[in-house]
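Structure data follow from query24.txt (compact mmCIF, C-alpha atoms):
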# COMPACT_ATOMS: atom_id res chain seq x y z
CA MET Q 1 163.65 -91.88 100.70
CA THR Q 2 162.17 -92.77 97.28
CA HIS Q 3 164.21 -92.87 94.08
CA ARG Q 4 162.52 -89.68 92.93
CA GLU Q 5 163.43 -87.90 96.17
CA LYS Q 6 167.04 -89.09 95.86
CA ILE Q 7 167.20 -87.88 92.24
CA ASN Q 8 165.81 -84.50 93.32
CA GLN Q 9 168.40 -84.37 96.12
CA ALA Q 10 171.27 -85.15 93.70
CA ILE Q 11 170.13 -82.44 91.28
CA THR Q 12 169.73 -79.91 94.11
CA GLN Q 13 173.25 -80.73 95.35
CA PHE Q 14 174.60 -80.32 91.82
CA VAL Q 15 173.11 -76.84 91.49
CA LYS Q 16 174.07 -75.83 95.04
CA GLY Q 17 177.63 -77.09 94.50
CA GLY Q 18 177.94 -74.94 91.38
CA ASP Q 19 176.34 -71.89 92.96
CA THR Q 20 178.66 -72.02 96.00
CA SER Q 21 181.76 -73.36 94.18
CA ASP Q 22 181.70 -76.40 96.47
CA PHE Q 23 183.87 -78.79 94.48
CA GLN Q 24 183.72 -81.40 97.26
CA LEU Q 25 179.92 -81.55 97.06
CA LEU Q 26 180.14 -81.77 93.26
CA ASP Q 27 182.75 -84.53 93.48
CA LYS Q 28 180.34 -86.51 95.69
CA VAL Q 29 177.34 -86.13 93.35
CA PHE Q 30 179.26 -86.72 90.07
CA HIS Q 31 179.86 -90.23 88.73
CA HIS Q 32 183.56 -90.82 88.02
CA ASP Q 33 182.76 -90.71 84.28
CA PHE Q 34 180.78 -87.41 84.51
CA ARG Q 35 180.88 -85.17 81.43
CA VAL Q 36 179.50 -81.79 80.43
CA THR Q 37 178.48 -81.67 76.79
CA ASN Q 38 177.76 -78.30 75.24
CA ASN Q 39 177.22 -77.00 71.72
CA GLY Q 40 178.44 -73.41 71.38
CA PHE Q 41 180.06 -73.32 74.84
CA MET Q 42 180.89 -69.78 75.94
CA GLY Q 43 180.61 -68.58 72.34
CA THR Q 44 182.94 -71.17 70.85
CA PRO Q 45 181.72 -72.98 67.71
CA GLY Q 46 181.03 -76.69 67.82
CA VAL Q 47 180.75 -79.23 70.60
CA THR Q 48 182.75 -78.95 73.82
CA ILE Q 49 183.10 -81.89 76.23
CA ILE Q 50 184.48 -81.29 79.72
CA ASP Q 51 185.34 -84.25 81.94
CA LYS Q 52 184.84 -84.41 85.70
CA GLN Q 53 188.39 -83.44 86.66
CA LYS Q 54 188.46 -80.41 84.32
CA TYR Q 55 185.02 -79.32 85.53
CA LEU Q 56 186.07 -79.53 89.18
CA SER Q 57 189.31 -77.70 88.36
CA ASN Q 58 187.30 -74.91 86.68
CA ILE Q 59 185.13 -74.65 89.82
CA LYS Q 60 188.24 -74.44 92.06
CA GLU Q 61 189.78 -71.76 89.81
CA GLY Q 62 186.59 -69.69 89.68
CA ILE Q 63 186.07 -70.17 85.93
CA PHE Q 64 182.68 -71.80 86.58
CA GLY Q 65 180.21 -71.30 89.38
CA GLY Q 66 179.96 -68.92 92.26
CA LEU Q 67 176.73 -67.20 91.18
CA PRO Q 68 173.47 -68.14 92.89
CA ARG Q 69 170.79 -69.42 90.53
CA THR Q 70 167.11 -70.04 90.81
CA MET Q 71 166.20 -73.59 89.83
CA ILE Q 72 163.03 -75.04 88.41
CA ILE Q 73 162.89 -78.80 87.84
CA GLU Q 74 160.71 -79.09 84.74
CA SER Q 75 160.69 -82.87 84.54
CA ILE Q 76 162.11 -86.06 85.98
CA ASP Q 77 161.92 -89.22 83.88
CA GLU Q 78 163.11 -92.28 85.78
CA SER Q 79 163.45 -95.88 84.62
CA ASP Q 80 164.83 -98.28 87.22
CA THR Q 81 168.56 -97.34 87.36
CA ILE Q 82 168.65 -94.33 85.00
CA ALA Q 83 167.00 -90.93 85.04
CA MET Q 84 166.79 -87.76 82.96
CA VAL Q 85 166.12 -84.40 84.60
CA LYS Q 86 165.33 -81.16 82.76
CA LEU Q 87 166.17 -77.97 84.64
CA ARG Q 88 165.61 -74.32 83.99
CA LEU Q 89 168.14 -72.13 85.83
CA GLU Q 90 168.68 -68.40 86.04
CA SER Q 91 171.53 -66.39 87.51
CA SER Q 92 172.09 -62.63 87.51
CA GLU Q 93 174.03 -63.09 84.24
CA ASN Q 94 172.59 -66.11 82.38
CA HIS Q 95 169.61 -68.31 81.52
CA PHE Q 96 170.25 -72.07 81.43
CA ILE Q 97 168.38 -75.05 80.07
CA SER Q 98 170.01 -78.19 81.42
CA TYR Q 99 169.34 -81.85 80.63
CA ASN Q 100 170.97 -84.10 83.20
CA SER Q 101 171.50 -87.85 82.95
CA LEU Q 102 171.80 -89.73 86.23
CA ILE Q 103 172.57 -93.33 87.07
CA LEU Q 104 171.96 -95.32 90.21
CA ASP Q 105 175.56 -96.15 91.10
CA THR Q 106 176.89 -99.28 92.79
CA ASP Q 107 176.79 -97.47 96.17
CA ASP Q 108 172.99 -97.11 95.72
CA GLU Q 109 173.33 -93.32 95.26
CA TRP Q 110 172.11 -91.34 92.26
CA LYS Q 111 175.04 -89.72 90.43
CA LEU Q 112 175.15 -87.29 87.55
CA ILE Q 113 176.89 -88.80 84.55
CA ASN Q 114 176.13 -86.16 81.90
CA ASN Q 115 175.07 -82.52 81.83
CA LEU Q 116 173.87 -81.19 78.48
CA ALA Q 117 173.23 -77.47 78.76
CA VAL Q 118 172.47 -74.35 76.79
CA VAL Q 119 173.64 -71.14 78.45
CA GLU Q 120 172.39 -67.80 77.14
CA PRO Q 121 173.53 -64.46 78.49
CA LYS Q 122 170.81 -62.16 79.75
CA LYS Q 123 170.20 -59.19 77.50
Starting from the coordinates I provided, produce the structure as structure tokens.
Amino acid sequence: MTHREKINQAITQFVKGGDTSDFQLLDKVFHHDFRVTNNGFMGTPGVTIIDKQKYLSNIKEGIFGGLPRTMIIESIDESDTIAMVKLRLESSENHFISYNSLILDTDDEWKLINNLAVVEPKK
């Protein structure tokens, strides 16, 4: 499998894990230093940063995830051991633009290290 195919697989697993609330799949695809960074998260002013453990806890508790989304990968920019992926997602409730940073980890697997997203409710 090429690097690009592995990056695509990691992103697909990330979205699937969120859609199905599969925290074990998300734990596998997240780097141990994974973070979500959001400006205006769920209507709150300013920047919100959520670490891996809090994100997985929110998935387990049903705060995040559980809604199927359609996914369009708009771009993949890869340079050796790092990559940036831009996604457009849509659920029954929200539109998402998501910029995802990935690293090629020491186990030779691509892992998400940062998710920078804008979530807008559907009108």
message: Neighbouring residues of Ala10 of chain Q were defined as those with any atom within 10 Å, considering only C-alpha atoms; residues of the same chain fewer than 2 positions away were excluded. Please report them as a count of residues only.
response: 20
- request: Could you give me, as a VMD selection string, the residues within 8 Å of Asp33 of chain Q, counting only C-alpha atoms and dropping anything in the same chain fewer than 3 positions from it?
  value: chain Q and resid 30 51 to 52 113
Generate a file of the selected residues that holds C-alpha atoms, formatted as a CSV table (one decimal), in the coordinates of the input.
chain,number,residue,atom,x,y,z
Q,30,PHE,CA,179.3,-86.7,90.1
Q,51,ASP,CA,185.3,-84.2,81.9
Q,52,LYS,CA,184.8,-84.4,85.7
Q,113,ILE,CA,176.9,-88.8,84.6
task: Fewer than 2 positions away in the same chain doesn't count, so skip those; otherwise give me all residues within 6 Å of Asn114 of chain Q, counting only C-alpha atoms, as number ranges by chain.
output: Q: 34-36, 100-101, 112
- request: Give as a list in words every residue, naming chains and numbers as the document does, that has an atom within 6 Å of (169.7, -78.5, 78.6), counting all atoms listed in the file.
  value: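 Residues found, by chain and rising number: Ile97, Ser98, Tyr99, Leu116, Ala117 and Val118 of chain Q.
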- prompt: With all atoms listed in the file as the atoms that count, which of Q:Ile11, Q:Arg69, Q:His32, Q:Met1 lies nearest to Thr106 of chain Q?
  reply: Q:His32
- prompt: Which is closer to Asp108 of chain Q than all the others in Q:Thr81, Q:Thr48, Q:Asn58, Q:Gln9, using only C-alpha atoms?
  reply: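 Of the candidates, the smallest distance to Asp108 of chain Q is held by Q:Thr81.
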message: Quick check, in Å to one decimal: how far apart do atom CA of Pro68 of chain Q and atom CA of Thr20 of chain Q lie?
response: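 Taking atom CA of Pro68 of chain Q as the start and atom CA of Thr20 of chain Q as the end point, the length is 7.2 Å.
Going from atom CA of Asp105 of chain Q over to atom CA of His3 of chain Q, you cover 12.2 Å.
The residue set within 6 Å of Leu89 of chain Q, counting all atoms listed in the file and dropping same-chain residues fewer than 5 places from it, reads Thr70, Met71, His95 and Phe96 of chain Q.
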- request: Provide the atom CA of Ser57 of chain Q to atom CA of Asp22 of chain Q distance in Å, to one decimal place.
  value: 11.2 Å
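The shortest atom-to-atom distance to Glu74 of chain Q, with all atoms listed in the file taken into account, belongs to Q:Arg88 out of Q:Glu61, Q:Leu56, Q:Phe41, Q:Arg88.
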Given 4 Å on each side, where is the centre and what are the edge lengths in Å to one decimal of the axis-aligned box enclosing the listed atoms of segment 73-79 of chain Q, as JSON?
{"center_x": 162.1, "center_y": -87.3, "center_z": 85.9, "size_x": 10.8, "size_y": 25.1, "size_z": 12.0}
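Using only C-alpha atoms, the smallest distance between any of Q:Asp19, Q:Glu120, Q:Asp27, Q:Glu93 and Lys54 of chain Q comes from Q:Asp27.
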